[in-house]
Amino acid sequence: MLSSLGERVFHWLDERLDLQPIQRFVREKSVPSHRYSWCYFFGGATLFFFMIQVATGVLLLLYYKPTAEAAFESVRFIMTEVSFGWLIRSLHSWSANLMVLAAFLHMATVFFMRAYRKPRELTWYTGATLLLLAMGFGFSGYLLPWNELAFFATRVGTDMAGKVPLVGRFLLEFLRGGEDVTGATLTRFFGFHVAVLPMMATALILFHLLAIQRQGMSVPLSQKEASTTNAGMPFFPNYFLRELMGWAIALAILAALASLFPWELGEEADAFAPAPAGIKPEWYFVFMFQTLKLLPATVAGVEGELVGLLAFGLAGLAWFFVPVLDIRSSREEPSRWLTLMGVAALLFIAIMTLLGYVMP
Amino acid sequence: MSASWRIGRRSFVDLLLGGGVIGSVVSFLYPVLKFVMPPAVAEAMDQSVVAGKVGELPPNSGKIFKFGRRPGLLISTPSGELRAYDGICTHLNCTVQYRSDFGHIWCACHNGHYDTSGKNISGPPPRPLERYTVSIRGDDIVVSRNS
């Protein structure tokens with residue numbers, strides 16, 4: 001009964017929209033099967049957390065007030081008065097962090113599997129931009145509760161943007177909506193967080209997914225032989241069901257974290273209070289924060305933080321353009337030095353993050 | 001000479017059209033770009049402000065006061081001398097504080113240290129804090145910006 005209804009609906013739509021090519025595509029689509037196939041799950045997990053963000057974000061919009069006077073109080077209202085408000089906010093904060101984590105893991109596996117090599121450069125560029133957008137989401141969303149930690153994190157973060165040569169001043173005032181971090185900054189960040197970034201992210205995600213559908217999954221160089229000897233896994237229903245299982249695990253982790261460790265609100269921001277001791281940015285910025293902390297005031301006659309920001313800027317550029325720089329893998333040859341550099345970068349990030357939490 | 005300057009009719013129309021499109025785009029973008037930059041707010045730059053009351057600060061302590069829209073830091077050194085500085089760290093814009101246990105000024109954000117004369121002595125701050133002049137007027141501690 002149900003399937004015949006489904007068939008009738010499909011038939012009705014097919015007559016009008018010609019859905020058969022899509023049906024054929026789904027039926028024939030397969031996912032390469034090899035010993036690193038598990039890496040393919042991180043992209044889907046990132047997408048899953050993004051969808052959670054959209055859903056919980058829309059709910060928070062019903063009560064949140066984006067002004068310096070009302071923001072903190074409105075988040076407190078959500079957390080203490082609104083039914084399940086604490087849960088929705090906690091889910092939004094935790095899912096944001098898990099999304100960034102999943103995106104990092106996705107990017108790292110794509111990097112080490114050389115999945116960015118020709119013809120998938122555009123997928124890498126959109127993915128790298130999406131990771132930057134995710135950090136933008138994190139940075140702008142962090143300020144919205146208008147608490148003490150967020151206030152100083154925003155002061156520091158926007159001050160860094162202000163140090164960019166030539167356009168720094170413009171960037172700083174554009175981001176802050178003035179000279180200082182004030183209610184004007186909050187209103188702007190709110191606009192970026194709920195309108196500009198979601199619009200950009202949605203467009204890029206659609207392109208990213210479309211490119212993956214056009215080209216299929218990349219197979220790591222070391223697994224090419226193995227994957228030519230086996231036929232791969234049918235996408236529907238085999239891989240689809242596995243992906244669903246992955247999402248169920250992601251949901252379980254998120255639900256456990258959000259309900260067992262509800263996200264805190266902290267103290268309301270006060271522009272005339274000193275920065276509190278033990279202040280730290282979100283964990284994914286801690287390695288940069290710790291590096292800037294360890295750099296001396298001047299390095300070879302140049303201000304330390306400028307040297308640090310320049311180094312991070314160059315490393316970021318190299319990371320973004322790795323499909324161009326990695327000539328060997330574009331010729332389908334292994335590039336061991338790049339793997340070593342990737343491992344070194346990961347170690348640096350891990351050590352600096354760890355130091356950020358253990359050093360006073 | 002004249003031949004090299006000759007432009008075909010089609011190229012001429014293309015040029016006009018292309019120029020028109022670029023001109024239109026620029027004329028749309030210019031107001032947008034101007035709009036996103038906040039207007040300059042005329043700020044009455046107070047040259048001096050009452051930062052506290054005499055006797056309010058015991059030796060080896062400090063407090064934040066409002067200097068216009070910026071935080072300032074008033075400290076009483078361990079020997080009881082009153083000094084005032086710009087409250088914003090020269091490193092990355094956080095607000096500094098006086099740490100009685102260190103006996104000097106400290107910024108929590110990146111562990112920057114300044115001595116009681118505002119000089120950057122340890123950590124990442126690249127420059128000393130701007131120093132203000134402190135004077136006593138009756139019961140008030142008055143802090144003035146050095147012009």
# chains A, B, ... in the order shown; residues from 1 in each chain; ligands from 1
call {"tool": "residues_around", "arguments": {"residues": "Ala134 of chain A", "least_positions_apart": "2", "cutoff": "10 Å", "atoms": "only C-alpha atoms", "output": "list of chain:residue names"}}
result
A:Phe50, A:Ala96, A:Asn97, A:Met99, A:Val100, A:Ala103, A:Ala128, A:Thr129, A:Leu130, A:Leu131, A:Leu132, A:Gly136, A:Phe137, A:Gly138, A:Phe139, A:Ser140, A:Leu197, A:Pro198, A:Ala201
call {"tool": "interface_residues", "arguments": {"of": "chain A", "to": "chain B", "cutoff": "8 Å", "atoms": "only C-alpha atoms", "output": "PyMOL selection string"}}
result
chain A and resi 152+155-156+159-160+170+173-174+177-178+271-280+289-290+292-298+303-305
call {"tool": "write_last_selection", "arguments": {"atoms": "C-alpha atoms", "output": "compact mmCIF listing (two decimals), in the first residue's frame"}}
result
# COMPACT_ATOMS: atom_id res chain seq x y z
CA PHE A 152 38.13 39.81 25.25
CA ARG A 155 39.01 42.24 21.19
CA VAL A 156 42.10 40.10 20.60
CA ASP A 159 42.97 43.38 16.86
CA MET A 160 44.87 40.65 15.00
CA PHE A 170 39.60 48.82 7.30
CA GLU A 173 36.60 48.94 11.79
CA PHE A 174 34.51 46.81 9.46
CA GLY A 177 31.63 48.59 13.64
CA GLY A 178 33.85 51.29 15.13
CA ALA A 271 34.20 46.95 28.92
CA PHE A 272 35.71 48.44 32.07
CA ALA A 273 36.81 45.25 33.79
CA PRO A 274 40.29 43.77 33.37
CA ALA A 275 40.67 40.59 31.32
CA PRO A 276 40.05 37.68 33.71
CA ALA A 277 42.93 35.36 34.64
CA GLY A 278 42.95 32.05 32.75
CA ILE A 279 41.28 33.55 29.68
CA LYS A 280 41.49 31.35 26.58
CA PHE A 289 46.95 31.80 21.05
CA GLN A 290 49.73 29.82 22.74
CA LEU A 292 51.50 34.29 20.25
CA LYS A 293 51.93 34.00 24.01
CA LEU A 294 55.35 32.34 23.68
CA LEU A 295 56.73 34.70 21.06
CA PRO A 296 58.99 37.40 22.51
CA ALA A 297 58.08 41.09 22.16
CA THR A 298 60.43 41.50 19.20
CA GLU A 303 57.09 43.01 16.73
CA GLY A 304 56.66 39.39 17.85
CA GLU A 305 52.94 39.11 17.16
call {"tool": "residues_around", "arguments": {"residues": "Tyr116 of chain A", "least_positions_apart": "6", "cutoff": "10 Å", "atoms": "only C-alpha atoms", "output": "PyMOL selection string"}}
result
chain A and resi 107+110+122-125+127+218+322-324+326+329-330
call {"tool": "closest_residue", "arguments": {"among": "B:Val50, B:Val26, B:Leu16, B:Ala84", "to": "Asp139 of chain B", "atoms": "only C-alpha atoms"}}
result
B:Val50
call {"tool": "residues_around", "arguments": {"residues": "Pro32 of chain A", "least_positions_apart": "4", "cutoff": "12 Å", "atoms": "only C-alpha atoms", "output": "number ranges by chain"}}
result
A: 36-40, 216-220, 223-235, 239
call {"tool": "select_by_dssp", "arguments": {"residues": "chain B", "states": "helix (DSSP H, G or I)", "output": "ChimeraX atom specification"}}
result
/B:2-5,9-36
call {"tool": "write_last_selection", "arguments": {"atoms": "N, CA and C atoms", "output": "CSV table (one decimal), in the first residue's frame"}}
result
chain,number,residue,atom,x,y,z
B,2,SER,N,47.7,56.0,-37.9
B,2,SER,CA,46.2,56.0,-37.7
B,2,SER,C,45.6,54.6,-37.8
B,3,ALA,N,46.2,53.7,-38.6
B,3,ALA,CA,45.7,52.4,-38.7
B,3,ALA,C,45.7,51.6,-37.3
B,4,SER,N,46.8,51.8,-36.6
B,4,SER,CA,46.9,51.1,-35.3
B,4,SER,C,45.9,51.7,-34.3
B,5,TRP,N,45.4,52.9,-34.5
B,5,TRP,CA,44.4,53.4,-33.6
B,5,TRP,C,43.0,53.1,-33.9
B,9,ARG,N,33.8,48.7,-35.3
B,9,ARG,CA,32.6,49.1,-34.7
B,9,ARG,C,32.2,48.2,-33.5
B,10,ARG,N,32.4,46.9,-33.8
B,10,ARG,CA,32.0,45.9,-32.8
B,10,ARG,C,32.8,46.0,-31.5
B,11,SER,N,34.1,46.2,-31.7
B,11,SER,CA,35.0,46.4,-30.5
B,11,SER,C,34.5,47.7,-29.7
B,12,PHE,N,34.2,48.7,-30.5
B,12,PHE,CA,33.8,50.0,-29.9
B,12,PHE,C,32.5,49.8,-29.0
B,13,VAL,N,31.6,49.0,-29.6
B,13,VAL,CA,30.3,48.8,-28.9
B,13,VAL,C,30.6,47.9,-27.6
B,14,ASP,N,31.5,46.9,-27.8
B,14,ASP,CA,31.9,46.0,-26.7
B,14,ASP,C,32.5,46.9,-25.6
B,15,LEU,N,33.4,47.8,-26.0
B,15,LEU,CA,34.1,48.6,-25.0
B,15,LEU,C,33.1,49.5,-24.3
B,16,LEU,N,32.1,50.1,-25.0
B,16,LEU,CA,31.1,50.9,-24.4
B,16,LEU,C,30.3,50.1,-23.4
B,17,LEU,N,29.8,48.9,-23.9
B,17,LEU,CA,29.0,48.0,-23.0
B,17,LEU,C,29.8,47.5,-21.8
B,18,GLY,N,31.0,47.1,-22.1
B,18,GLY,CA,31.8,46.6,-21.0
B,18,GLY,C,32.1,47.7,-19.9
B,19,GLY,N,32.4,48.8,-20.5
B,19,GLY,CA,32.7,50.0,-19.6
B,19,GLY,C,31.5,50.3,-18.8
B,20,GLY,N,30.3,50.3,-19.5
B,20,GLY,CA,29.0,50.6,-18.8
B,20,GLY,C,28.7,49.6,-17.7
B,21,VAL,N,29.0,48.3,-18.0
B,21,VAL,CA,28.7,47.3,-16.9
B,21,VAL,C,29.6,47.5,-15.7
B,22,ILE,N,30.9,47.7,-16.1
B,22,ILE,CA,31.9,47.9,-15.0
B,22,ILE,C,31.5,49.1,-14.2
B,23,GLY,N,31.2,50.2,-14.9
B,23,GLY,CA,30.8,51.4,-14.2
B,23,GLY,C,29.6,51.2,-13.3
B,24,SER,N,28.6,50.5,-13.8
B,24,SER,CA,27.4,50.2,-13.0
B,24,SER,C,27.8,49.5,-11.7
B,25,VAL,N,28.6,48.4,-11.9
B,25,VAL,CA,29.0,47.6,-10.8
B,25,VAL,C,29.7,48.4,-9.7
B,26,VAL,N,30.6,49.2,-10.2
B,26,VAL,CA,31.3,50.1,-9.3
B,26,VAL,C,30.4,51.0,-8.5
B,27,SER,N,29.4,51.6,-9.3
B,27,SER,CA,28.5,52.5,-8.7
B,27,SER,C,27.5,51.8,-7.7
B,28,PHE,N,27.3,50.5,-7.9
B,28,PHE,CA,26.5,49.8,-6.9
B,28,PHE,C,27.4,49.5,-5.7
B,29,LEU,N,28.6,49.1,-5.9
B,29,LEU,CA,29.5,48.6,-4.8
B,29,LEU,C,29.9,49.8,-3.9
B,30,TYR,N,30.1,51.0,-4.5
B,30,TYR,CA,30.7,52.1,-3.7
B,30,TYR,C,29.8,52.4,-2.5
B,31,PRO,N,28.5,52.6,-2.7
B,31,PRO,CA,27.6,52.9,-1.6
B,31,PRO,C,27.6,51.8,-0.5
B,32,VAL,N,27.7,50.5,-1.0
B,32,VAL,CA,27.7,49.4,-0.1
B,32,VAL,C,29.0,49.4,0.8
B,33,LEU,N,30.1,49.7,0.1
B,33,LEU,CA,31.4,49.7,0.8
B,33,LEU,C,31.4,50.9,1.8
B,34,LYS,N,30.8,52.0,1.4
B,34,LYS,CA,30.7,53.2,2.4
B,34,LYS,C,29.8,52.8,3.5
B,35,PHE,N,28.7,52.1,3.2
B,35,PHE,CA,27.7,51.8,4.2
B,35,PHE,C,28.2,50.9,5.3
B,36,VAL,N,29.1,49.9,4.9
B,36,VAL,CA,29.5,48.9,5.9
B,36,VAL,C,30.6,49.6,6.9
call {"tool": "atom_distance", "arguments": {"atom1": "atom CA of Lys53 of chain B", "atom2": "atom CA of Asp86 of chain B"}}
result
18.7 Å
call {"tool": "atom_distance", "arguments": {"atom1": "atom CA of Arg117 of chain A", "atom2": "atom CA of Arg242 of chain A"}}
result
26.4 Å
call {"tool": "atom_distance", "arguments": {"atom1": "atom CA of Leu166 of chain A", "atom2": "atom CA of Leu314 of chain A"}}
result
16.5 Å
call {"tool": "residues_around", "arguments": {"residues": "Phe287 of chain A", "least_positions_apart": "5", "cutoff": "8 Å", "atoms": "only C-alpha atoms", "output": "ChimeraX atom specification"}}
result
/A:349-353,356
call {"tool": "residues_around", "arguments": {"residues": "Thr182 of chain A", "least_positions_apart": "6", "cutoff": "10 Å", "atoms": "only C-alpha atoms", "output": "number ranges by chain"}}
result
A: 67-68, 146, 151, 155, 176, 271
call {"tool": "write_last_selection", "arguments": {"atoms": "all heavy atoms", "output": "JSON list (two decimals), in the first residue's frame"}}
result
[["chain", "number", "residue", "atom", "x", "y", "z"],
["A", 67, "THR", "N", 21.54, 42.81, 21.21],
["A", 67, "THR", "CA", 22.06, 44.12, 21.60],
["A", 67, "THR", "C", 22.90, 43.95, 22.86],
["A", 67, "THR", "O", 22.69, 43.00, 23.62],
["A", 67, "THR", "CB", 20.92, 45.13, 21.92],
["A", 67, "THR", "OG1", 20.23, 44.65, 23.09],
["A", 67, "THR", "CG2", 19.96, 45.27, 20.77],
["A", 68, "ALA", "N", 23.82, 44.89, 23.06],
["A", 68, "ALA", "CA", 24.72, 44.79, 24.21],
["A", 68, "ALA", "C", 23.93, 44.79, 25.52],
["A", 68, "ALA", "O", 24.32, 44.15, 26.49],
["A", 68, "ALA", "CB", 25.72, 45.94, 24.19],
["A", 146, "TRP", "N", 27.56, 37.61, 24.76],
["A", 146, "TRP", "CA", 28.08, 38.85, 25.35],
["A", 146, "TRP", "C", 28.60, 38.62, 26.76],
["A", 146, "TRP", "O", 28.25, 39.30, 27.71],
["A", 146, "TRP", "CB", 26.98, 39.93, 25.34],
["A", 146, "TRP", "CG", 27.49, 41.33, 25.48],
["A", 146, "TRP", "CD1", 27.24, 42.19, 26.52],
["A", 146, "TRP", "CD2", 28.34, 42.06, 24.58],
["A", 146, "TRP", "NE1", 27.87, 43.39, 26.33],
["A", 146, "TRP", "CE2", 28.56, 43.33, 25.15],
["A", 146, "TRP", "CE3", 28.95, 41.76, 23.36],
["A", 146, "TRP", "CZ2", 29.34, 44.31, 24.54],
["A", 146, "TRP", "CZ3", 29.73, 42.72, 22.75],
["A", 146, "TRP", "CH2", 29.91, 43.98, 23.35],
["A", 151, "PHE", "N", 34.04, 38.66, 25.06],
["A", 151, "PHE", "CA", 34.35, 40.06, 24.83],
["A", 151, "PHE", "C", 35.85, 40.25, 24.56],
["A", 151, "PHE", "O", 36.25, 40.87, 23.59],
["A", 151, "PHE", "CB", 33.90, 40.88, 26.05],
["A", 151, "PHE", "CG", 34.21, 42.35, 25.94],
["A", 151, "PHE", "CD1", 33.39, 43.17, 25.20],
["A", 151, "PHE", "CD2", 35.31, 42.89, 26.59],
["A", 151, "PHE", "CE1", 33.68, 44.53, 25.09],
["A", 151, "PHE", "CE2", 35.60, 44.23, 26.50],
["A", 151, "PHE", "CZ", 34.78, 45.06, 25.74],
["A", 155, "ARG", "N", 38.05, 41.14, 21.23],
["A", 155, "ARG", "CA", 39.01, 42.24, 21.19],
["A", 155, "ARG", "C", 40.33, 41.77, 20.58],
["A", 155, "ARG", "O", 40.88, 42.40, 19.69],
["A", 155, "ARG", "CB", 39.27, 42.75, 22.61],
["A", 155, "ARG", "CG", 38.41, 43.90, 23.00],
["A", 155, "ARG", "CD", 39.33, 45.00, 23.55],
["A", 155, "ARG", "NE", 38.61, 45.91, 24.39],
["A", 155, "ARG", "CZ", 39.02, 46.27, 25.61],
["A", 155, "ARG", "NH1", 40.12, 45.78, 26.12],
["A", 155, "ARG", "NH2", 38.34, 47.12, 26.31],
["A", 176, "ARG", "N", 34.49, 45.56, 13.80],
["A", 176, "ARG", "CA", 34.02, 46.05, 15.09],
["A", 176, "ARG", "C", 32.84, 47.02, 14.97],
["A", 176, "ARG", "O", 32.17, 47.29, 15.94],
["A", 176, "ARG", "CB", 35.16, 46.77, 15.81],
["A", 176, "ARG", "CG", 36.21, 45.81, 16.34],
["A", 176, "ARG", "CD", 37.24, 46.57, 17.14],
["A", 176, "ARG", "NE", 38.21, 45.67, 17.73],
["A", 176, "ARG", "CZ", 39.25, 46.08, 18.44],
["A", 176, "ARG", "NH1", 39.45, 47.37, 18.63],
["A", 176, "ARG", "NH2", 40.10, 45.21, 18.95],
["A", 271, "ALA", "N", 33.09, 46.33, 29.66],
["A", 271, "ALA", "CA", 34.20, 46.95, 28.92],
["A", 271, "ALA", "C", 35.21, 47.58, 29.87],
["A", 271, "ALA", "O", 36.34, 47.86, 29.47],
["A", 271, "ALA", "CB", 33.65, 47.99, 27.96]]
call {"tool": "closest_residue", "arguments": {"among": "B:Ile141, B:Phe102, B:Asp115, B:Ser135", "to": "Leu57 of chain B", "atoms": "only C-alpha atoms"}}
result
B:Ile141
call {"tool": "residues_around", "arguments": {"residues": "Ser76 of chain B", "least_positions_apart": "6", "cutoff": "7 Å", "atoms": "only C-alpha atoms", "output": "VMD selection string"}}
result
chain B and resid 57 to 62 82 to 83
call {"tool": "write_last_selection", "arguments": {"atoms": "N, CA and C atoms", "output": "PDB file, in the first residue's frame"}}
result
ATOM      1  N   LEU B  57      42.715  53.896  47.374  1.00  0.00           N
ATOM      2  CA  LEU B  57      43.607  52.811  46.973  1.00  0.00           C
ATOM      3  C   LEU B  57      44.706  52.591  48.012  1.00  0.00           C
ATOM      4  N   PRO B  58      44.704  51.452  48.679  1.00  0.00           N
ATOM      5  CA  PRO B  58      45.836  51.178  49.575  1.00  0.00           C
ATOM      6  C   PRO B  58      47.097  50.910  48.745  1.00  0.00           C
ATOM      7  N   PRO B  59      48.279  51.035  49.337  1.00  0.00           N
ATOM      8  CA  PRO B  59      49.492  50.730  48.588  1.00  0.00           C
ATOM      9  C   PRO B  59      49.425  49.315  48.015  1.00  0.00           C
ATOM     10  N   ASN B  60      50.107  49.118  46.860  1.00  0.00           N
ATOM     11  CA  ASN B  60      50.150  47.811  46.193  1.00  0.00           C
ATOM     12  C   ASN B  60      48.756  47.346  45.748  1.00  0.00           C
ATOM     13  N   SER B  61      48.022  48.268  45.099  1.00  0.00           N
ATOM     14  CA  SER B  61      46.715  47.892  44.538  1.00  0.00           C
ATOM     15  C   SER B  61      46.434  48.756  43.319  1.00  0.00           C
ATOM     16  N   GLY B  62      45.374  48.436  42.626  1.00  0.00           N
ATOM     17  CA  GLY B  62      45.042  49.193  41.428  1.00  0.00           C
ATOM     18  C   GLY B  62      43.574  49.108  41.115  1.00  0.00           C
ATOM     19  N   LEU B  82      50.885  57.189  43.604  1.00  0.00           N
ATOM     20  CA  LEU B  82      49.788  56.986  42.647  1.00  0.00           C
ATOM     21  C   LEU B  82      50.293  57.202  41.224  1.00  0.00           C
ATOM     22  N   ARG B  83      49.980  56.263  40.343  1.00  0.00           N
ATOM     23  CA  ARG B  83      50.344  56.393  38.937  1.00  0.00           C
ATOM     24  C   ARG B  83      49.167  55.943  38.081  1.00  0.00           C
TER      25      ARG B  83
END
call {"tool": "select_by_dssp", "arguments": {"residues": "chain B", "states": "strand (DSSP E)", "output": "ChimeraX atom specification"}}
result
/B:48-53,61-67,70-76,82-86,97-99,104-107,112-114,120-122,131-137,140-144
